[in-house]
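S.K.: So here's protein34.pdb, just PDB, C-alpha atoms:
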ATOM      1  CA  MET O   1    -102.282-141.243-135.979
ATOM      2  CA  PRO O   2    -105.382-142.174-138.013
ATOM      3  CA  THR O   3    -106.058-145.898-138.424
ATOM      4  CA  VAL O   4    -107.343-147.338-141.705
ATOM      5  CA  ILE O   5    -108.334-150.985-142.133
ATOM      6  CA  CYS O   6    -107.421-152.169-145.647
ATOM      7  CA  ALA O   7    -109.278-155.299-146.735
ATOM      8  CA  GLY O   8    -108.746-157.362-149.841
ATOM      9  CA  LEU O   9    -106.112-159.033-151.952
ATOM     10  CA  ILE O  10    -102.631-159.879-150.633
ATOM     11  CA  THR O  11    -100.144-161.314-153.141
ATOM     12  CA  LEU O  12     -96.482-161.861-153.859
ATOM     13  CA  ASP O  13     -95.561-160.310-157.220
ATOM     14  CA  ALA O  14     -92.685-161.326-159.489
ATOM     15  CA  VAL O  15     -92.068-158.129-161.473
ATOM     16  CA  TYR O  16     -90.132-158.105-164.752
ATOM     17  CA  ASP O  17     -88.963-154.877-166.408
ATOM     18  CA  LEU O  18     -89.074-155.227-170.213
ATOM     19  CA  SER O  19     -88.136-152.896-173.057
ATOM     20  CA  ALA O  20     -91.294-154.002-174.902
ATOM     21  CA  TYR O  21     -94.094-156.485-174.358
ATOM     22  CA  PRO O  22     -93.038-159.928-175.677
ATOM     23  CA  ALA O  23     -94.601-161.535-178.715
ATOM     24  CA  GLU O  24     -96.546-164.741-178.148
ATOM     25  CA  GLY O  25     -94.272-167.786-178.093
ATOM     26  CA  SER O  26     -91.072-165.736-177.782
ATOM     27  CA  LYS O  27     -88.295-165.827-175.185
ATOM     28  CA  VAL O  28     -87.066-162.500-173.848
ATOM     29  CA  ARG O  29     -84.584-161.365-171.237
ATOM     30  CA  ALA O  30     -85.812-158.918-168.593
ATOM     31  CA  ASP O  31     -83.868-155.723-167.989
ATOM     32  CA  ALA O  32     -84.467-156.259-164.257
ATOM     33  CA  ALA O  33     -86.598-158.428-161.986
ATOM     34  CA  ARG O  34     -87.725-158.341-158.367
ATOM     35  CA  LEU O  35     -90.084-159.973-155.863
ATOM     36  CA  VAL O  36     -92.396-157.503-154.129
ATOM     37  CA  PRO O  37     -95.454-157.716-151.866
ATOM     38  CA  GLY O  38     -98.555-156.862-153.881
ATOM     39  CA  GLY O  39    -102.329-156.866-153.947
ATOM     40  CA  GLY O  40    -104.525-153.820-153.486
ATOM     41  CA  ALA O  41    -104.930-154.118-149.727
ATOM     42  CA  MET O  42    -101.234-154.778-149.079
ATOM     43  CA  ILE O  43    -100.080-151.843-151.209
ATOM     44  CA  ALA O  44    -102.670-149.476-149.721
ATOM     45  CA  ALA O  45    -101.689-150.437-146.159
ATOM     46  CA  THR O  46     -98.019-149.891-147.013
ATOM     47  CA  ALA O  47     -98.802-146.455-148.449
ATOM     48  CA  ILE O  48    -100.782-145.516-145.335
ATOM     49  CA  ALA O  49     -97.962-146.570-143.012
ATOM     50  CA  ARG O  50     -95.416-144.643-145.081
ATOM     51  CA  LEU O  51     -97.667-141.557-145.016
ATOM     52  CA  GLY O  52     -97.720-141.624-141.225
ATOM     53  CA  GLY O  53    -100.987-143.442-140.593
ATOM     54  CA  ARG O  54    -101.650-146.843-139.071
ATOM     55  CA  GLY O  55    -102.473-149.445-141.695
ATOM     56  CA  ARG O  56    -104.375-152.516-140.477
ATOM     57  CA  LEU O  57    -104.451-155.240-143.099
ATOM     58  CA  ALA O  58    -107.378-157.679-143.450
ATOM     59  CA  GLY O  59    -107.237-160.603-145.839
ATOM     60  CA  ALA O  60    -105.695-164.057-146.126
ATOM     61  CA  VAL O  61    -102.474-165.836-147.069
ATOM     62  CA  GLY O  62    -101.620-169.512-147.372
ATOM     63  CA  ASP O  63     -99.500-171.504-144.936
ATOM     64  CA  ASP O  64     -96.587-171.614-147.370
ATOM     65  CA  GLN O  65     -93.250-169.904-147.914
ATOM     66  CA  PHE O  66     -94.917-167.026-149.792
ATOM     67  CA  GLY O  67     -97.288-166.415-146.895
ATOM     68  CA  ARG O  68     -94.491-166.416-144.331
ATOM     69  CA  TYR O  69     -92.475-163.996-146.440
ATOM     70  CA  LEU O  70     -95.440-161.633-146.712
ATOM     71  CA  ARG O  71     -96.023-161.782-142.949
ATOM     72  CA  ASP O  72     -92.408-160.725-142.429
ATOM     73  CA  GLN O  73     -92.843-157.879-144.902
ATOM     74  CA  MET O  74     -95.953-156.642-143.085
ATOM     75  CA  LYS O  75     -93.936-156.338-139.884
ATOM     76  CA  LEU O  76     -91.029-154.630-141.671
ATOM     77  CA  ARG O  77     -93.430-152.113-143.204
ATOM     78  CA  GLY O  78     -95.132-151.326-139.901
ATOM     79  CA  ILE O  79     -98.463-152.897-140.909
ATOM     80  CA  ASP O  80    -100.800-154.367-138.285
ATOM     81  CA  ASP O  81    -101.550-157.942-139.485
ATOM     82  CA  THR O  82    -103.860-159.105-136.665
ATOM     83  CA  LEU O  83    -106.797-159.300-139.115
ATOM     84  CA  VAL O  84    -104.823-161.352-141.662
ATOM     85  CA  GLN O  85    -105.873-165.009-141.690
ATOM     86  CA  THR O  86    -103.618-167.952-142.573
ATOM     87  CA  VAL O  87    -105.509-170.672-144.458
ATOM     88  CA  PRO O  88    -104.094-174.192-143.899
ATOM     89  CA  GLY O  89    -103.209-176.195-146.999
ATOM     90  CA  GLU O  90    -103.589-173.235-149.361
ATOM     91  CA  THR O  91    -101.141-171.478-151.664
ATOM     92  CA  THR O  92    -100.711-167.721-151.221
ATOM     93  CA  SER O  93    -101.935-165.591-154.133
ATOM     94  CA  HIS O  94     -99.107-164.659-156.491
ATOM     95  CA  SER O  95     -98.629-162.794-159.759
ATOM     96  CA  ALA O  96     -96.293-162.344-162.696
ATOM     97  CA  VAL O  97     -96.114-158.667-163.632
ATOM     98  CA  PHE O  98     -94.591-157.313-166.843
ATOM     99  CA  VAL O  99     -93.654-153.614-166.826
ATOM    100  CA  THR O 100     -92.656-152.078-170.172
ATOM    101  CA  ALA O 101     -90.447-149.039-170.796
ATOM    102  CA  CYS O 102     -93.415-146.650-170.871
ATOM    103  CA  GLY O 103     -94.344-147.661-167.310
ATOM    104  CA  GLU O 104     -97.462-149.676-168.200
ATOM    105  CA  ARG O 105     -97.979-153.094-166.614
ATOM    106  CA  THR O 106     -99.590-156.418-167.521
ATOM    107  CA  ILE O 107    -100.535-158.804-164.702
ATOM    108  CA  VAL O 108    -101.124-162.551-164.640
ATOM    109  CA  ASN O 109    -102.531-163.531-161.243
ATOM    110  CA  GLN O 110    -103.306-166.775-159.427
ATOM    111  CA  ARG O 111    -105.894-166.242-156.650
ATOM    112  CA  PRO O 112    -107.254-169.293-154.758
ATOM    113  CA  ASP O 113    -110.968-168.899-154.017
ATOM    114  CA  ARG O 114    -110.526-170.084-150.428
ATOM    115  CA  LEU O 115    -108.316-167.070-149.708
ATOM    116  CA  LEU O 116    -110.882-164.647-151.109
ATOM    117  CA  ASP O 117    -113.990-166.159-149.493
ATOM    118  CA  ARG O 118    -113.140-165.121-145.926
ATOM    119  CA  LYS O 119    -115.408-163.614-143.289
ATOM    120  CA  LEU O 120    -114.659-161.199-140.472
ATOM    121  CA  THR O 121    -113.857-163.448-137.524
ATOM    122  CA  HIS O 122    -114.357-160.975-134.682
ATOM    123  CA  ASP O 123    -115.621-157.491-133.901
ATOM    124  CA  VAL O 124    -113.326-154.585-134.712
ATOM    125  CA  SER O 125    -113.031-151.150-133.153
ATOM    126  CA  GLY O 126    -110.528-148.358-132.820
ATOM    127  CA  PHE O 127    -110.335-147.453-136.503
ATOM    128  CA  ASP O 128    -111.019-144.232-138.399
ATOM    129  CA  ALA O 129    -111.875-145.554-141.883
ATOM    130  CA  VAL O 130    -112.221-148.785-143.848
ATOM    131  CA  LEU O 131    -110.901-149.289-147.375
ATOM    132  CA  ALA O 132    -111.771-152.458-149.290
ATOM    133  CA  ASP O 133    -111.269-153.734-152.815
ATOM    134  CA  THR O 134    -113.751-155.929-154.684
ATOM    135  CA  ARG O 135    -111.881-159.217-154.238
ATOM    136  CA  CYS O 136    -113.101-160.315-150.769
ATOM    137  CA  PHE O 137    -116.846-159.656-150.644
ATOM    138  CA  ASN O 138    -117.716-161.158-147.252
ATOM    139  CA  LEU O 139    -114.754-159.579-145.486
ATOM    140  CA  ALA O 140    -115.477-156.173-147.023
ATOM    141  CA  ARG O 141    -119.139-156.353-146.091
ATOM    142  CA  GLY O 142    -118.387-157.174-142.454
ATOM    143  CA  LEU O 143    -115.955-154.280-142.168
ATOM    144  CA  PHE O 144    -118.227-151.845-144.002
ATOM    145  CA  GLU O 145    -121.091-152.765-141.664
ATOM    146  CA  ALA O 146    -118.792-152.050-138.701
ATOM    147  CA  ALA O 147    -117.798-148.697-140.250
ATOM    148  CA  THR O 148    -121.462-147.777-140.768
ATOM    149  CA  ARG O 149    -122.320-148.618-137.162
ATOM    150  CA  GLN O 150    -119.430-146.486-135.912
ATOM    151  CA  GLY O 151    -119.975-143.579-138.320
ATOM    152  CA  ARG O 152    -116.652-144.018-140.135
ATOM    153  CA  PRO O 153    -115.888-143.645-143.840
ATOM    154  CA  ALA O 154    -116.331-146.873-145.835
ATOM    155  CA  VAL O 155    -114.328-146.532-149.062
ATOM    156  CA  LEU O 156    -114.705-149.044-151.895
ATOM    157  CA  ASP O 157    -111.995-149.390-154.530
ATOM    158  CA  GLY O 158    -114.520-149.910-157.325
ATOM    159  CA  GLU O 159    -112.659-152.179-159.732
ATOM    160  CA  ALA O 160    -114.514-154.472-162.137
ATOM    161  CA  PRO O 161    -116.219-156.860-161.620
ATOM    162  CA  LEU O 162    -118.136-154.710-159.157
ATOM    163  CA  PRO O 163    -120.168-156.470-156.400
ATOM    164  CA  LEU O 164    -123.279-154.293-156.391
ATOM    165  CA  ASP O 165    -124.498-155.875-153.137
ATOM    166  CA  LEU O 166    -121.721-153.998-151.326
ATOM    167  CA  LEU O 167    -122.942-150.553-152.358
ATOM    168  CA  PRO O 168    -125.559-150.127-149.579
ATOM    169  CA  PHE O 169    -122.673-150.148-147.088
ATOM    170  CA  VAL O 170    -120.368-147.736-148.968
ATOM    171  CA  SER O 171    -119.941-144.064-148.077
ATOM    172  CA  HIS O 172    -117.273-143.317-150.717
ATOM    173  CA  LEU O 173    -117.111-145.080-154.086
ATOM    174  CA  ALA O 174    -113.864-144.558-156.027
ATOM    175  CA  LEU O 175    -114.362-146.208-159.422
ATOM    176  CA  SER O 176    -111.891-147.181-162.101
ATOM    177  CA  GLU O 177    -112.985-146.655-165.702
ATOM    178  CA  GLN O 178    -113.799-150.360-165.913
ATOM    179  CA  GLY O 179    -115.779-150.118-162.685
ATOM    180  CA  LEU O 180    -117.756-147.173-164.033
ATOM    181  CA  ALA O 181    -118.577-149.183-167.162
ATOM    182  CA  GLU O 182    -120.340-151.730-164.927
ATOM    183  CA  PHE O 183    -123.136-149.167-164.485
ATOM    184  CA  GLY O 184    -123.980-149.257-168.196
ATOM    185  CA  GLY O 185    -123.513-145.589-169.007
ATOM    186  CA  ARG O 186    -125.144-144.165-165.882
ATOM    187  CA  SER O 187    -123.658-140.819-164.826
ATOM    188  CA  LEU O 188    -121.591-140.425-161.674
ATOM    189  CA  GLY O 189    -124.272-138.098-160.327
ATOM    190  CA  GLY O 190    -126.911-140.758-160.896
ATOM    191  CA  ILE O 191    -124.767-143.418-159.232
ATOM    192  CA  ALA O 192    -124.137-141.234-156.175
ATOM    193  CA  ALA O 193    -127.838-140.359-155.850
ATOM    194  CA  LYS O 194    -129.057-143.946-156.269
ATOM    195  CA  HIS O 195    -126.627-145.378-153.729
ATOM    196  CA  ASP O 196    -126.505-142.374-151.375
ATOM    197  CA  CYS O 197    -122.730-142.056-151.478
ATOM    198  CA  TRP O 198    -119.917-139.799-152.669
ATOM    199  CA  ALA O 199    -118.526-141.090-155.981
ATOM    200  CA  CYS O 200    -115.619-140.423-158.313
ATOM    201  CA  VAL O 201    -113.777-142.084-161.190
ATOM    202  CA  THR O 202    -109.981-142.194-161.498
ATOM    203  CA  ARG O 203    -108.290-142.340-164.899
ATOM    204  CA  GLY O 204    -104.570-142.653-164.268
ATOM    205  CA  ALA O 205    -102.780-139.505-165.394
ATOM    206  CA  ALA O 206    -106.085-137.857-166.433
ATOM    207  CA  ASP O 207    -108.388-135.818-164.181
ATOM    208  CA  VAL O 208    -110.302-137.415-161.326
ATOM    209  CA  GLU O 209    -113.985-136.693-161.977
ATOM    210  CA  VAL O 210    -116.392-136.336-159.037
ATOM    211  CA  HIS O 211    -120.159-136.872-159.050
ATOM    212  CA  ASP O 212    -120.821-133.152-158.454
ATOM    213  CA  GLY O 213    -119.040-132.267-161.711
ATOM    214  CA  SER O 214    -115.765-131.113-160.146
ATOM    215  CA  ARG O 215    -112.486-132.359-161.591
ATOM    216  CA  PHE O 216    -109.016-132.638-160.078
ATOM    217  CA  ALA O 217    -105.923-132.882-162.273
ATOM    218  CA  PRO O 218    -103.044-134.934-160.824
ATOM    219  CA  PRO O 219     -99.501-133.542-160.926
ATOM    220  CA  GLN O 220     -97.778-134.371-164.202
ATOM    221  CA  VAL O 221     -94.765-136.646-163.822
ATOM    222  CA  THR O 222     -92.748-139.023-165.973
ATOM    223  CA  PRO O 223     -94.071-142.512-165.090
ATOM    224  CA  LEU O 224     -91.449-145.169-164.464
ATOM    225  CA  ASP O 225     -93.759-147.887-163.112
ATOM    226  CA  THR O 226     -97.555-147.664-162.744
ATOM    227  CA  LEU O 227     -97.940-150.974-160.879
ATOM    228  CA  GLY O 228     -99.885-150.276-157.665
ATOM    229  CA  ALA O 229    -100.580-146.604-158.429
ATOM    230  CA  GLY O 230    -104.330-146.979-157.998
ATOM    231  CA  ASP O 231    -103.868-148.776-154.692
ATOM    232  CA  VAL O 232    -101.622-145.979-153.396
ATOM    233  CA  TRP O 233    -104.281-143.471-154.518
ATOM    234  CA  HIS O 234    -107.002-145.290-152.593
ATOM    235  CA  GLY O 235    -104.844-145.667-149.496
ATOM    236  CA  ALA O 236    -103.924-141.976-149.449
ATOM    237  CA  PHE O 237    -107.553-140.964-150.089
ATOM    238  CA  ALA O 238    -108.854-143.123-147.229
ATOM    239  CA  LEU O 239    -106.136-141.848-144.893
ATOM    240  CA  ALA O 240    -106.974-138.222-145.653
ATOM    241  CA  LEU O 241    -110.653-138.898-144.892
ATOM    242  CA  ALA O 242    -109.697-140.756-141.700
ATOM    243  CA  ASP O 243    -107.711-137.686-140.654
ATOM    244  CA  GLY O 244    -110.863-135.536-140.908
ATOM    245  CA  ASN O 245    -110.239-133.872-144.280
ATOM    246  CA  ASP O 246    -113.006-133.174-146.780
ATOM    247  CA  GLU O 247    -113.246-135.004-150.103
ATOM    248  CA  PRO O 248    -111.647-132.315-152.323
ATOM    249  CA  HIS O 249    -108.538-132.233-150.147
ATOM    250  CA  ALA O 250    -108.482-136.041-149.960
ATOM    251  CA  VAL O 251    -108.550-136.292-153.771
ATOM    252  CA  LYS O 252    -105.720-133.764-154.147
ATOM    253  CA  PHE O 253    -103.693-135.555-151.481
ATOM    254  CA  ALA O 254    -104.234-138.925-153.206
ATOM    255  CA  ASN O 255    -103.363-137.483-156.620
ATOM    256  CA  ALA O 256    -100.044-136.172-155.329
ATOM    257  CA  ALA O 257     -99.203-139.413-153.510
ATOM    258  CA  ALA O 258     -99.884-141.552-156.590
ATOM    259  CA  ALA O 259     -97.920-139.186-158.860
ATOM    260  CA  LEU O 260     -94.856-139.398-156.635
ATOM    261  CA  PHE O 261     -95.198-143.173-156.460
ATOM    262  CA  VAL O 262     -95.251-143.784-160.232
ATOM    263  CA  SER O 263     -92.242-141.504-160.770
ATOM    264  CA  ARG O 264     -89.994-143.833-158.730
ATOM    265  CA  ILE O 265     -88.777-147.441-158.727
ATOM    266  CA  GLY O 266     -87.988-149.671-155.765
ATOM    267  CA  GLU O 267     -89.009-149.841-152.104
ATOM    268  CA  GLU O 268     -88.576-146.084-151.655
ATOM    269  CA  ARG O 269     -91.378-145.474-154.146
ATOM    270  CA  PHE O 270     -93.880-144.915-151.333
ATOM    271  CA  PRO O 271     -93.935-141.199-150.474
ATOM    272  CA  THR O 272     -93.993-139.667-147.017
ATOM    273  CA  CYS O 273     -96.638-137.182-145.911
ATOM    274  CA  GLU O 274     -94.051-134.392-146.039
ATOM    275  CA  GLU O 275     -93.228-135.240-149.644
ATOM    276  CA  VAL O 276     -96.903-135.216-150.615
ATOM    277  CA  GLU O 277     -97.524-131.888-148.890
ATOM    278  CA  ALA O 278     -94.501-130.415-150.716
ATOM    279  CA  LYS O 279     -95.893-131.721-154.008
ATOM    280  CA  LEU O 280     -99.233-130.103-153.259
TER     281      LEU O 280
END
Since I need it in another form, could you write the structure as structure tokens?
M.R.:
Amino acid sequence: MPTVICAGLITLDAVYDLSAYPAEGSKVRADAARLVPGGGAMIAATAIARLGGRGRLAGAVGDDQFGRYLRDQMKLRGIDDTLVQTVPGETTSHSAVFVTACGERTIVNQRPDRLLDRKLTHDVSGFDAVLADTRCFNLARGLFEAATRQGRPAVLDGEAPLPLDLLPFVSHLALSEQGLAEFGGRSLGGIAAKHDCWACVTRGAADVEVHDGSRFAPPQVTPLDTLGAGDVWHGAFALALADGNDEPHAVKFANAAAALFVSRIGEERFPTCEEVEAKL
């Protein structure tokens, strides 16, 4: 069972399903609403556990009711939370998420700086890959340095704003379109050469483009909810690398996992490895 450490944002999301995005100053009634664990690291670790890997979560929560609820959810989802820190006197990150009928989402997030500015508190071992988002710089750097020392993949979810100081420690850079824009028009090939890493850009339902010019089209599905799709993609990609697969297979595996995820609603959205393989 490959082990992936997922470092970054952990939140509690209040999700509202709407027929259309509300006009400013209006009052609208949601078609449905739910509280769900969120944040890139939390969603990626959940996806990894569901896919049959071992997800180790690294990040921070507050010592409040939200934080306790999220700790319980980590255990229910089979996530190892030994690298999750509880910060006394702080409020856990939380979001309001509006999902419209077409599946697109708008997020309003509250993220205390003290939760994001955490450092790795002890040495880590026994992992096969590290995945980090851009929210917790010091934590990501410590884990990426450990991955480099141990010869493991270090995957950065390259969302804007992009901390360029992390790039020397990255083996695989998976950029969003906004993350790619941070390089001011530089080509993927140029980015990969300059930073000595494998690089790609994801574009939702469009092709994933790789620095060598190859492209990988995701399976076409009817999206019901795109919230967390990118995080599932990154989790599945890191897991496939941790399991010894090459990058083309890892991209295809991640594409299929994310496609299945957006075509569903609810806790059973996260696909199993068997479901992804069948989709492939």
S.K.: Between CA of Thr148 in chain O and CA of Arg50 in chain O, measure the distance and give it in Å to one decimal.
M.R.: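 Calculated distance between CA of Thr148 in chain O and CA of Arg50 in chain O is 26.6 Å.
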S.K.: What's the separation between CA of Leu57 in chain O and CA of Thr272 in chain O, in Å to one decimal place?
M.R.: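 Distance reported for this atom pair: 19.2 Å.
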S.K.: Determine the residue membership of the PyMOL selection byres ((chain O and resi 104) around 9) for the file above and supply it as a list in words.
M.R.: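 Taken on the displayed file, the PyMOL selection byres ((chain O and resi 104) around 9) yields the residues Phe98, Val99, Thr100, Ala101, Cys102, Gly103, Arg105, Thr106, Pro223, Leu224, Asp225, Thr226 and Leu227 of chain O.
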S.K.: Please compute the CA of Leu116 in chain O-CA of Leu9 in chain O distance, one decimal, in Å.
M.R.: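 CA of Leu9 in chain O lies at a distance of 7.4 Å from CA of Leu116 in chain O.
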S.K.: Could you check which of O:Thr3, O:Ser176, O:Ser214, O:Thr222 is closest to Arg264 in chain O, using all atoms listed in the file?
M.R.: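 Closest to Arg264 in chain O, using all atoms listed in the file: O:Thr222.
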